[in-house]
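Next comes start-v8.cif, with mmCIF, N, CA and C atoms.
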```
data_entry
#
loop_
_atom_site.label_atom_id
_atom_site.label_comp_id
_atom_site.auth_asym_id
_atom_site.auth_seq_id
_atom_site.Cartn_x
_atom_site.Cartn_y
_atom_site.Cartn_z
N GLY A 1 23.34 -15.19 1.56
CA GLY A 1 22.89 -15.25 0.20
C GLY A 1 21.39 -15.01 0.12
N PRO A 2 20.79 -15.26 -1.03
CA PRO A 2 19.36 -15.04 -1.19
C PRO A 2 18.54 -15.97 -0.30
N THR A 3 17.46 -15.46 0.26
CA THR A 3 16.56 -16.30 1.04
C THR A 3 15.29 -16.59 0.26
N GLN A 4 14.85 -15.63 -0.57
CA GLN A 4 13.69 -15.85 -1.42
C GLN A 4 13.88 -15.08 -2.72
N THR A 5 13.31 -15.61 -3.78
CA THR A 5 13.33 -14.93 -5.07
C THR A 5 11.91 -14.89 -5.60
N PHE A 6 11.50 -13.73 -6.11
CA PHE A 6 10.15 -13.53 -6.61
C PHE A 6 10.20 -13.07 -8.05
N ARG A 7 9.20 -13.44 -8.82
CA ARG A 7 9.04 -12.87 -10.16
C ARG A 7 8.51 -11.45 -9.97
N GLY A 8 9.15 -10.49 -10.61
CA GLY A 8 8.77 -9.10 -10.45
C GLY A 8 7.30 -8.83 -10.75
N LEU A 9 6.77 -9.42 -11.81
CA LEU A 9 5.38 -9.15 -12.19
C LEU A 9 4.38 -9.76 -11.20
N ASP A 10 4.80 -10.75 -10.43
CA ASP A 10 3.91 -11.29 -9.39
C ASP A 10 3.74 -10.29 -8.26
N LEU A 11 4.78 -9.52 -7.96
CA LEU A 11 4.72 -8.54 -6.88
C LEU A 11 4.19 -7.19 -7.34
N TYR A 12 4.46 -6.83 -8.58
CA TYR A 12 4.10 -5.50 -9.08
C TYR A 12 3.37 -5.60 -10.42
N PRO A 13 2.13 -6.10 -10.42
CA PRO A 13 1.38 -6.12 -11.68
C PRO A 13 0.92 -4.70 -12.00
N GLY A 14 0.61 -4.45 -13.22
CA GLY A 14 0.10 -3.13 -13.57
C GLY A 14 0.63 -2.62 -14.87
N PRO A 15 0.38 -1.35 -15.11
CA PRO A 15 0.68 -0.79 -16.43
C PRO A 15 2.17 -0.57 -16.70
N TYR A 16 3.02 -0.63 -15.70
CA TYR A 16 4.44 -0.35 -15.91
C TYR A 16 5.27 -1.63 -15.92
N ARG A 17 4.75 -2.65 -16.59
CA ARG A 17 5.41 -3.95 -16.65
C ARG A 17 6.82 -3.86 -17.22
N ASP A 18 7.05 -2.91 -18.11
CA ASP A 18 8.34 -2.83 -18.78
C ASP A 18 9.46 -2.31 -17.88
N VAL A 19 9.14 -1.73 -16.72
CA VAL A 19 10.18 -1.23 -15.83
C VAL A 19 10.34 -2.08 -14.56
N VAL A 20 9.51 -3.09 -14.41
CA VAL A 20 9.61 -3.98 -13.25
C VAL A 20 10.72 -4.99 -13.50
N PRO A 21 11.60 -5.21 -12.52
CA PRO A 21 12.66 -6.21 -12.71
C PRO A 21 12.08 -7.61 -12.93
N ASP A 22 12.79 -8.43 -13.70
CA ASP A 22 12.33 -9.81 -13.92
C ASP A 22 12.28 -10.58 -12.61
N LEU A 23 13.33 -10.41 -11.79
CA LEU A 23 13.41 -11.11 -10.51
C LEU A 23 13.69 -10.11 -9.40
N ILE A 24 13.09 -10.36 -8.25
CA ILE A 24 13.36 -9.57 -7.05
C ILE A 24 13.86 -10.54 -6.00
N VAL A 25 15.05 -10.25 -5.48
CA VAL A 25 15.72 -11.16 -4.56
C VAL A 25 15.70 -10.57 -3.15
N GLU A 26 15.25 -11.38 -2.20
CA GLU A 26 15.32 -11.01 -0.79
C GLU A 26 16.57 -11.68 -0.23
N SER A 27 17.44 -10.89 0.37
CA SER A 27 18.69 -11.46 0.86
C SER A 27 18.65 -11.65 2.37
N ASP A 28 19.56 -12.43 2.85
CA ASP A 28 19.77 -12.60 4.28
C ASP A 28 20.13 -11.23 4.85
N PRO A 29 19.57 -10.84 6.01
CA PRO A 29 19.84 -9.51 6.56
C PRO A 29 21.32 -9.24 6.85
N ARG A 30 22.14 -10.28 6.92
CA ARG A 30 23.56 -10.08 7.20
C ARG A 30 24.38 -9.85 5.93
N VAL A 31 23.70 -9.91 4.79
CA VAL A 31 24.39 -9.77 3.50
C VAL A 31 23.78 -8.60 2.74
N ARG A 32 24.62 -7.81 2.14
CA ARG A 32 24.15 -6.68 1.34
C ARG A 32 24.40 -6.99 -0.14
N LEU A 33 23.38 -6.85 -0.97
CA LEU A 33 23.51 -7.07 -2.40
C LEU A 33 23.77 -5.73 -3.08
N LEU A 34 24.83 -5.68 -3.87
CA LEU A 34 25.18 -4.45 -4.58
C LEU A 34 25.23 -4.73 -6.07
N ALA A 35 24.53 -3.94 -6.86
CA ALA A 35 24.57 -4.09 -8.31
C ALA A 35 25.85 -3.46 -8.83
N LYS A 36 26.68 -4.24 -9.50
CA LYS A 36 27.93 -3.73 -10.08
C LYS A 36 27.66 -3.15 -11.47
N ASP A 37 26.88 -3.86 -12.23
CA ASP A 37 26.43 -3.38 -13.54
C ASP A 37 25.19 -4.20 -13.88
N ARG A 38 24.75 -4.15 -15.12
CA ARG A 38 23.50 -4.84 -15.48
C ARG A 38 23.58 -6.36 -15.33
N HIS A 39 24.79 -6.91 -15.28
CA HIS A 39 24.92 -8.36 -15.31
C HIS A 39 25.60 -8.96 -14.09
N ARG A 40 26.09 -8.13 -13.17
CA ARG A 40 26.81 -8.66 -12.02
C ARG A 40 26.29 -8.06 -10.73
N VAL A 41 26.24 -8.91 -9.71
CA VAL A 41 25.82 -8.47 -8.37
C VAL A 41 26.92 -8.89 -7.40
N ALA A 42 27.32 -8.00 -6.52
CA ALA A 42 28.34 -8.31 -5.52
C ALA A 42 27.66 -8.55 -4.18
N LEU A 43 28.15 -9.52 -3.43
CA LEU A 43 27.66 -9.80 -2.08
C LEU A 43 28.68 -9.27 -1.09
N ARG A 44 28.24 -8.51 -0.10
CA ARG A 44 29.14 -7.99 0.92
C ARG A 44 28.64 -8.48 2.28
N GLN A 45 29.47 -9.20 3.01
CA GLN A 45 29.11 -9.72 4.32
C GLN A 45 29.00 -8.60 5.35
N ASN A 46 28.13 -8.77 6.31
CA ASN A 46 27.96 -7.88 7.45
C ASN A 46 27.64 -6.43 7.07
N GLY A 47 27.20 -6.23 5.88
CA GLY A 47 26.77 -4.88 5.49
C GLY A 47 25.36 -4.65 6.00
N SER A 48 24.99 -3.40 6.14
CA SER A 48 23.61 -3.14 6.55
C SER A 48 22.71 -3.28 5.34
N PRO A 49 21.57 -3.93 5.48
CA PRO A 49 20.69 -4.12 4.33
C PRO A 49 20.10 -2.77 3.90
N ASP A 50 19.75 -2.69 2.62
CA ASP A 50 19.16 -1.46 2.09
C ASP A 50 17.72 -1.26 2.57
N HIS A 51 16.98 -2.34 2.71
CA HIS A 51 15.58 -2.25 3.11
C HIS A 51 15.30 -3.34 4.14
N ALA A 52 14.39 -3.05 5.04
CA ALA A 52 13.95 -4.04 6.01
C ALA A 52 12.49 -4.35 5.75
N LEU A 53 12.12 -5.61 5.86
CA LEU A 53 10.73 -6.00 5.64
C LEU A 53 9.86 -5.67 6.84
N ASP A 54 10.45 -5.71 8.01
CA ASP A 54 9.66 -5.47 9.22
C ASP A 54 9.91 -4.06 9.74
N GLY A 55 8.91 -3.52 10.36
CA GLY A 55 9.02 -2.20 10.97
C GLY A 55 8.25 -2.22 12.28
N ILE A 56 8.07 -1.06 12.85
CA ILE A 56 7.36 -0.98 14.11
C ILE A 56 6.44 0.23 14.06
N LEU A 57 5.26 0.08 14.62
CA LEU A 57 4.30 1.16 14.72
C LEU A 57 3.93 1.29 16.19
N VAL A 58 4.18 2.48 16.74
CA VAL A 58 3.89 2.70 18.15
C VAL A 58 2.94 3.88 18.25
N GLY A 59 1.91 3.74 19.06
CA GLY A 59 0.98 4.84 19.31
C GLY A 59 0.86 5.05 20.81
N ALA A 60 0.91 6.29 21.22
CA ALA A 60 0.79 6.59 22.64
C ALA A 60 0.04 7.89 22.81
N GLY A 61 -0.63 8.03 23.94
CA GLY A 61 -1.34 9.27 24.23
C GLY A 61 -2.77 8.98 24.65
N PRO A 62 -3.47 10.01 25.03
CA PRO A 62 -4.81 9.81 25.58
C PRO A 62 -5.82 9.30 24.55
N GLN A 63 -5.55 9.48 23.26
CA GLN A 63 -6.49 9.03 22.25
C GLN A 63 -6.38 7.54 21.93
N PHE A 64 -5.36 6.86 22.49
CA PHE A 64 -5.16 5.44 22.21
C PHE A 64 -5.74 4.58 23.32
N ARG A 65 -6.30 3.44 22.93
CA ARG A 65 -6.80 2.45 23.89
C ARG A 65 -5.61 1.74 24.53
N ALA A 66 -5.80 1.28 25.75
CA ALA A 66 -4.80 0.44 26.39
C ALA A 66 -4.97 -0.97 25.82
N VAL A 67 -3.98 -1.45 25.11
CA VAL A 67 -4.06 -2.76 24.47
C VAL A 67 -2.98 -3.64 25.09
N THR A 68 -3.39 -4.79 25.60
CA THR A 68 -2.42 -5.65 26.27
C THR A 68 -1.76 -6.63 25.31
N GLU A 69 -2.44 -6.97 24.21
CA GLU A 69 -1.83 -7.92 23.27
C GLU A 69 -1.10 -7.16 22.18
N ARG A 70 -0.18 -7.84 21.56
CA ARG A 70 0.59 -7.24 20.47
C ARG A 70 -0.30 -7.20 19.23
N GLY A 71 -0.39 -6.06 18.61
CA GLY A 71 -1.18 -5.92 17.39
C GLY A 71 -0.31 -6.11 16.17
N ARG A 72 -0.95 -6.22 15.04
CA ARG A 72 -0.22 -6.34 13.78
C ARG A 72 -0.70 -5.23 12.87
N ALA A 73 0.21 -4.63 12.14
CA ALA A 73 -0.13 -3.58 11.19
C ALA A 73 0.71 -3.77 9.93
N SER A 74 0.20 -3.24 8.85
CA SER A 74 0.89 -3.32 7.57
C SER A 74 0.76 -1.97 6.87
N VAL A 75 1.63 -1.73 5.93
CA VAL A 75 1.56 -0.48 5.18
C VAL A 75 0.23 -0.38 4.43
N VAL A 76 -0.39 -1.51 4.07
CA VAL A 76 -1.67 -1.46 3.37
C VAL A 76 -2.82 -1.08 4.30
N ASP A 77 -2.56 -0.99 5.61
CA ASP A 77 -3.59 -0.56 6.55
C ASP A 77 -3.74 0.97 6.61
N VAL A 78 -2.79 1.69 6.01
CA VAL A 78 -2.83 3.15 6.08
C VAL A 78 -4.07 3.71 5.39
N THR A 79 -4.36 3.28 4.18
CA THR A 79 -5.50 3.83 3.43
C THR A 79 -6.82 3.58 4.14
N PRO A 80 -7.14 2.34 4.55
CA PRO A 80 -8.41 2.15 5.25
C PRO A 80 -8.50 2.94 6.56
N THR A 81 -7.38 3.11 7.24
CA THR A 81 -7.38 3.88 8.49
C THR A 81 -7.68 5.35 8.21
N VAL A 82 -7.02 5.92 7.23
CA VAL A 82 -7.25 7.33 6.89
C VAL A 82 -8.69 7.53 6.43
N LEU A 83 -9.20 6.63 5.59
CA LEU A 83 -10.59 6.76 5.14
C LEU A 83 -11.55 6.75 6.32
N ASN A 84 -11.34 5.83 7.25
CA ASN A 84 -12.21 5.74 8.42
C ASN A 84 -12.10 6.97 9.30
N LEU A 85 -10.90 7.52 9.47
CA LEU A 85 -10.73 8.72 10.27
C LEU A 85 -11.41 9.93 9.63
N LEU A 86 -11.57 9.90 8.30
CA LEU A 86 -12.27 10.96 7.60
C LEU A 86 -13.78 10.72 7.56
N GLY A 87 -14.22 9.61 8.19
CA GLY A 87 -15.64 9.30 8.21
C GLY A 87 -16.13 8.62 6.95
N LEU A 88 -15.21 8.10 6.13
CA LEU A 88 -15.57 7.44 4.89
C LEU A 88 -15.46 5.93 5.05
N PRO A 89 -16.22 5.18 4.26
CA PRO A 89 -16.17 3.72 4.37
C PRO A 89 -15.00 3.13 3.60
N THR A 90 -14.74 1.87 3.87
CA THR A 90 -13.80 1.09 3.06
C THR A 90 -14.60 -0.01 2.38
N TYR A 91 -14.04 -0.54 1.29
CA TYR A 91 -14.70 -1.63 0.57
C TYR A 91 -14.32 -2.97 1.19
N GLU A 92 -15.25 -3.91 1.10
CA GLU A 92 -15.03 -5.25 1.66
C GLU A 92 -13.79 -5.93 1.08
N ASP A 93 -13.54 -5.74 -0.22
CA ASP A 93 -12.43 -6.44 -0.85
C ASP A 93 -11.14 -5.62 -0.89
N MET A 94 -11.09 -4.55 -0.13
CA MET A 94 -9.91 -3.68 -0.09
C MET A 94 -8.78 -4.36 0.70
N ASP A 95 -7.55 -4.17 0.22
CA ASP A 95 -6.40 -4.68 0.97
C ASP A 95 -6.25 -3.86 2.25
N GLY A 96 -5.81 -4.48 3.29
CA GLY A 96 -5.59 -3.79 4.55
C GLY A 96 -6.87 -3.68 5.37
N ARG A 97 -6.69 -3.25 6.62
CA ARG A 97 -7.83 -3.06 7.51
C ARG A 97 -7.56 -1.85 8.38
N SER A 98 -8.62 -1.25 8.81
CA SER A 98 -8.49 -0.02 9.57
C SER A 98 -7.85 -0.29 10.93
N LEU A 99 -6.97 0.59 11.33
CA LEU A 99 -6.33 0.49 12.64
C LEU A 99 -7.04 1.36 13.67
N THR A 100 -8.21 1.87 13.33
CA THR A 100 -8.94 2.72 14.28
C THR A 100 -9.38 1.94 15.51
N ARG A 101 -9.32 0.64 15.47
CA ARG A 101 -9.69 -0.16 16.65
C ARG A 101 -8.75 0.12 17.84
N PHE A 102 -7.60 0.71 17.56
CA PHE A 102 -6.65 1.04 18.62
C PHE A 102 -6.91 2.43 19.21
N LEU A 103 -7.92 3.12 18.68
CA LEU A 103 -8.21 4.48 19.14
C LEU A 103 -9.49 4.54 19.96
N LYS A 104 -9.51 5.44 20.93
CA LYS A 104 -10.72 5.69 21.70
C LYS A 104 -11.62 6.62 20.90
N GLU A 105 -12.88 6.62 21.23
CA GLU A 105 -13.86 7.54 20.67
C GLU A 105 -13.92 7.53 19.15
N VAL A 106 -13.57 6.41 18.55
CA VAL A 106 -13.75 6.23 17.11
C VAL A 106 -14.65 5.01 16.96
N GLY A 107 -15.76 5.20 16.27
CA GLY A 107 -16.71 4.10 16.12
C GLY A 107 -16.16 2.98 15.26
N GLU A 108 -16.97 1.94 15.13
CA GLU A 108 -16.58 0.82 14.28
C GLU A 108 -16.42 1.29 12.84
N PRO A 109 -15.41 0.82 12.14
CA PRO A 109 -15.23 1.22 10.75
C PRO A 109 -16.41 0.78 9.90
N LEU A 110 -16.83 1.61 8.97
CA LEU A 110 -17.90 1.27 8.05
C LEU A 110 -17.30 0.59 6.83
N VAL A 111 -17.72 -0.65 6.60
CA VAL A 111 -17.23 -1.43 5.47
C VAL A 111 -18.42 -1.72 4.57
N ILE A 112 -18.27 -1.43 3.27
CA ILE A 112 -19.37 -1.59 2.33
C ILE A 112 -18.92 -2.39 1.12
N ALA A 113 -19.90 -2.87 0.35
CA ALA A 113 -19.61 -3.50 -0.94
C ALA A 113 -19.31 -2.39 -1.94
N GLU A 114 -18.50 -2.67 -2.94
CA GLU A 114 -18.07 -1.64 -3.87
C GLU A 114 -19.25 -0.97 -4.58
N GLU A 115 -20.29 -1.73 -4.90
CA GLU A 115 -21.42 -1.15 -5.61
C GLU A 115 -22.20 -0.14 -4.77
N GLU A 116 -22.00 -0.16 -3.46
CA GLU A 116 -22.65 0.82 -2.59
C GLU A 116 -21.85 2.11 -2.51
N GLY A 117 -20.67 2.16 -3.10
CA GLY A 117 -19.78 3.30 -2.99
C GLY A 117 -20.29 4.59 -3.58
N ALA A 118 -21.19 4.53 -4.54
CA ALA A 118 -21.69 5.75 -5.18
C ALA A 118 -22.38 6.66 -4.18
N VAL A 119 -22.95 6.09 -3.12
CA VAL A 119 -23.63 6.89 -2.10
C VAL A 119 -22.65 7.83 -1.42
N PHE A 120 -21.38 7.40 -1.33
CA PHE A 120 -20.37 8.18 -0.61
C PHE A 120 -19.45 8.96 -1.55
N ALA A 121 -19.77 9.01 -2.85
CA ALA A 121 -18.87 9.60 -3.83
C ALA A 121 -18.65 11.10 -3.62
N THR A 122 -19.66 11.82 -3.13
CA THR A 122 -19.51 13.25 -2.91
C THR A 122 -19.57 13.53 -1.42
N PRO A 123 -18.42 13.87 -0.81
CA PRO A 123 -18.42 14.13 0.63
C PRO A 123 -19.33 15.31 0.98
N GLU A 124 -19.87 15.27 2.18
CA GLU A 124 -20.73 16.35 2.63
C GLU A 124 -19.95 17.66 2.60
N GLY A 125 -20.59 18.70 2.07
CA GLY A 125 -19.93 19.99 1.99
C GLY A 125 -19.18 20.21 0.69
N ALA A 126 -19.02 19.16 -0.15
CA ALA A 126 -18.33 19.36 -1.42
C ALA A 126 -19.27 20.08 -2.37
N SER A 127 -18.70 20.70 -3.39
CA SER A 127 -19.51 21.51 -4.30
C SER A 127 -20.47 20.66 -5.11
N GLY A 128 -20.11 19.40 -5.37
CA GLY A 128 -20.98 18.53 -6.14
C GLY A 128 -20.95 18.84 -7.62
N ALA A 129 -20.00 19.65 -8.08
CA ALA A 129 -19.92 20.01 -9.49
C ALA A 129 -19.64 18.76 -10.32
N GLU A 130 -20.37 18.64 -11.41
CA GLU A 130 -20.20 17.49 -12.31
C GLU A 130 -19.05 17.77 -13.27
N LEU A 131 -18.34 16.73 -13.66
CA LEU A 131 -17.30 16.86 -14.67
C LEU A 131 -17.94 16.73 -16.04
N ASP A 132 -17.49 17.55 -16.99
CA ASP A 132 -18.00 17.34 -18.34
C ASP A 132 -17.26 16.15 -18.93
N SER A 133 -17.69 15.68 -20.11
CA SER A 133 -17.14 14.44 -20.66
C SER A 133 -15.64 14.55 -20.94
N GLU A 134 -15.17 15.72 -21.36
CA GLU A 134 -13.74 15.90 -21.61
C GLU A 134 -12.94 15.82 -20.30
N GLU A 135 -13.45 16.44 -19.25
CA GLU A 135 -12.78 16.39 -17.94
C GLU A 135 -12.79 14.97 -17.39
N GLN A 136 -13.89 14.26 -17.60
CA GLN A 136 -14.01 12.87 -17.15
C GLN A 136 -12.96 12.00 -17.85
N LEU A 137 -12.83 12.15 -19.17
CA LEU A 137 -11.84 11.37 -19.92
C LEU A 137 -10.42 11.70 -19.47
N GLU A 138 -10.15 12.99 -19.22
CA GLU A 138 -8.82 13.40 -18.75
C GLU A 138 -8.51 12.79 -17.39
N LEU A 139 -9.49 12.81 -16.49
CA LEU A 139 -9.31 12.23 -15.16
C LEU A 139 -9.06 10.73 -15.26
N GLU A 140 -9.84 10.04 -16.09
CA GLU A 140 -9.65 8.59 -16.25
C GLU A 140 -8.28 8.27 -16.81
N GLU A 141 -7.81 9.06 -17.79
CA GLU A 141 -6.49 8.83 -18.37
C GLU A 141 -5.39 9.08 -17.34
N ARG A 142 -5.52 10.11 -16.51
CA ARG A 142 -4.53 10.37 -15.46
C ARG A 142 -4.49 9.22 -14.46
N LEU A 143 -5.65 8.73 -14.06
CA LEU A 143 -5.70 7.61 -13.11
C LEU A 143 -5.08 6.36 -13.73
N ARG A 144 -5.37 6.12 -15.02
CA ARG A 144 -4.78 4.96 -15.71
C ARG A 144 -3.26 5.09 -15.75
N SER A 145 -2.75 6.28 -16.08
CA SER A 145 -1.30 6.47 -16.19
C SER A 145 -0.59 6.27 -14.86
N LEU A 146 -1.31 6.50 -13.76
CA LEU A 146 -0.74 6.29 -12.43
C LEU A 146 -0.94 4.87 -11.91
N GLY A 147 -1.66 4.04 -12.70
CA GLY A 147 -1.87 2.66 -12.31
C GLY A 147 -3.06 2.43 -11.42
N TYR A 148 -3.95 3.44 -11.28
CA TYR A 148 -5.12 3.31 -10.41
C TYR A 148 -6.34 2.79 -11.12
N ALA A 149 -6.34 2.75 -12.44
CA ALA A 149 -7.50 2.29 -13.20
C ALA A 149 -6.99 1.47 -14.39
N ASN A 150 -7.84 0.59 -14.84
CA ASN A 150 -7.47 -0.24 -16.00
C ASN A 150 -8.02 0.34 -17.27
#
```
This structure in structure tokens:
Amino acid sequence: GPTQTFRGLDLYPGPYRDVVPDLIVESDPRVRLLAKDRHRVALRQNGSPDHALDGILVGAGPQFRAVTERGRASVVDVTPTVLNLLGLPTYEDMDGRSLTRFLKEVGEPLVIAEEEGAVFATPEGASGAELDSEEQLELEERLRSLGYAN
């Protein structure tokens, strides 16, 4: 049966509140929950679960450090890792942490306060073209519609 139940808006806040389920149920891995219709859920024993909370990340090759202890990683570590690999900083209050510590020949990740971010806004080699006010408003609206801005 269920092992934990969460309020949908606690897990998925943002602009699409009207499509987030009221409740999100985590079931025992030995039980599969199947929606029969809007009001009924069927439980099936020994079914394979639809989603797993845990996964595995394995790295091998000459670019990886030899690590003797078990590391921990999360899906929220992807963004800070990619930013660091591109030579860009991450913000102090950002979710996740860079996994570049598992790589050789990659320096310490650069972590900055959000207000320092303007220094890094235009990557080296970019055209540096300014957006006019209409383009700026369009960009802000697109980011808002995707849930990236308030």
Please provide the set of residues having any atom within 8 Å of Tyr16 (chain A), restricted to all atoms listed in the file, with same-chain residues fewer than 5 positions apart removed, written as an mmCIF file with N, CA and C atoms, keeping the file's coordinate frame.
```cif
data_model
loop_
_atom_site.group_PDB
_atom_site.id
_atom_site.type_symbol
_atom_site.label_atom_id
_atom_site.label_comp_id
_atom_site.auth_asym_id
_atom_site.auth_seq_id
_atom_site.Cartn_x
_atom_site.Cartn_y
_atom_site.Cartn_z
ATOM 1 N N SER A 145 -2.750 6.280 -16.080
ATOM 2 C CA SER A 145 -1.300 6.470 -16.190
ATOM 3 C C SER A 145 -0.590 6.270 -14.860
ATOM 4 N N LEU A 146 -1.310 6.500 -13.760
ATOM 5 C CA LEU A 146 -0.740 6.290 -12.430
ATOM 6 C C LEU A 146 -0.940 4.870 -11.910
ATOM 7 N N GLY A 147 -1.660 4.040 -12.700
ATOM 8 C CA GLY A 147 -1.870 2.660 -12.310
ATOM 9 C C GLY A 147 -3.060 2.430 -11.420
#
```
Residues near Phe6 (chain A), cut-off 6.5 Å, all atoms listed in the file, skip fewer than 6 positions along chain, as an mmCIF file with N, CA and C atoms, keeping the file's coordinate frame:
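What follows is the written file part-v8.cif:
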```cif
data_model
loop_
_atom_site.group_PDB
_atom_site.id
_atom_site.type_symbol
_atom_site.label_atom_id
_atom_site.label_comp_id
_atom_site.auth_asym_id
_atom_site.auth_seq_id
_atom_site.Cartn_x
_atom_site.Cartn_y
_atom_site.Cartn_z
ATOM 1 N N ASP A 22 12.790 -8.430 -13.700
ATOM 2 C CA ASP A 22 12.330 -9.810 -13.920
ATOM 3 C C ASP A 22 12.280 -10.580 -12.610
ATOM 4 N N LEU A 23 13.330 -10.410 -11.790
ATOM 5 C CA LEU A 23 13.410 -11.110 -10.510
ATOM 6 C C LEU A 23 13.690 -10.110 -9.400
ATOM 7 N N ILE A 24 13.090 -10.360 -8.250
ATOM 8 C CA ILE A 24 13.360 -9.570 -7.050
ATOM 9 C C ILE A 24 13.860 -10.540 -6.000
ATOM 10 N N VAL A 25 15.050 -10.250 -5.480
ATOM 11 C CA VAL A 25 15.720 -11.160 -4.560
ATOM 12 C C VAL A 25 15.700 -10.570 -3.150
ATOM 13 N N GLU A 26 15.250 -11.380 -2.200
ATOM 14 C CA GLU A 26 15.320 -11.010 -0.790
ATOM 15 C C GLU A 26 16.570 -11.680 -0.230
#
```
Selected residue, from A:Pro109, A:Gly55, A:Pro62, A:Pro21, that lies nearest to Thr81 (chain A) when counting only C-alpha atoms: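 So, comparing all the options, the nearest one is A:Pro109.
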Excluding Gly61 (chain A) and its own-chain neighbours fewer than 6 positions away, which residues fall within 12 Å of it when counting only C-alpha atoms? Please give them as a list in words.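 Listing them by chain and then by number gives Phe102, Leu103 and Lys104 of chain A.
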Could you please determine the separation between CA of Arg72 (chain A) and CA of Gly14 (chain A) in Å, to one decimal place?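 These two atoms are separated by 27.5 Å.
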How big is the axis-aligned box around the listed atoms of region 68-77 of chain A once 4 Å is added on each side, and where is its centre? Give both in Å to one decimal, as JSON.
```
{"center_x": -1.1, "center_y": -3.5, "center_z": 14.8, "size_x": 13.4, "size_y": 16.9, "size_z": 30.9}
```
Nearby residues, (-18.9, -1.1, -2.6) file frame, 9 Å, only C-alpha atoms, as a list in words: Pro89, Thr90, Tyr91, Glu92, Asp93, Val111, Ile112, Ala113, Glu114, Glu115, Glu116, Gly117 and Ala118 of chain A
Atom pair CA of Leu139 (chain A) / CA of Pro15 (chain A): separation (Å): 16.5 Å
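For the residues A:Leu137, A:Ala60, A:Val20, A:Leu83, ranking by smallest atom-to-atom distance to Ser98 (chain A) using all atoms listed in the file places A:Leu83 first.
Note that the spacing between atom N of Pro80 (chain A) and atom N of Thr100 (chain A) amounts to 8.9 Å.
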Of the candidates A:Leu110, A:Leu99, A:Leu9, A:Leu57, which one gets nearest to Gly87 (chain A) if we count all atoms listed in the file? A:Leu110
Could you pull out all residues of region 51-119 of chain A with a DSSP call of strand (DSSP E) and give them as a PDB file with N, CA and C atoms, in the frame of the given file?
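Below is the file that was written, part08.pdb:
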```pdb
ATOM      1  N   THR A  90     -14.740   1.870   3.870  1.00  0.00           N
ATOM      2  CA  THR A  90     -13.800   1.090   3.060  1.00  0.00           C
ATOM      3  C   THR A  90     -14.600  -0.010   2.380  1.00  0.00           C
ATOM      4  N   TYR A  91     -14.040  -0.540   1.290  1.00  0.00           N
ATOM      5  CA  TYR A  91     -14.700  -1.630   0.570  1.00  0.00           C
ATOM      6  C   TYR A  91     -14.320  -2.970   1.190  1.00  0.00           C
ATOM      7  N   VAL A 111     -17.720  -0.650   6.600  1.00  0.00           N
ATOM      8  CA  VAL A 111     -17.230  -1.430   5.470  1.00  0.00           C
ATOM      9  C   VAL A 111     -18.420  -1.720   4.570  1.00  0.00           C
ATOM     10  N   ILE A 112     -18.270  -1.430   3.270  1.00  0.00           N
ATOM     11  CA  ILE A 112     -19.370  -1.590   2.330  1.00  0.00           C
ATOM     12  C   ILE A 112     -18.920  -2.390   1.120  1.00  0.00           C
TER      13      ILE A 112
END
```
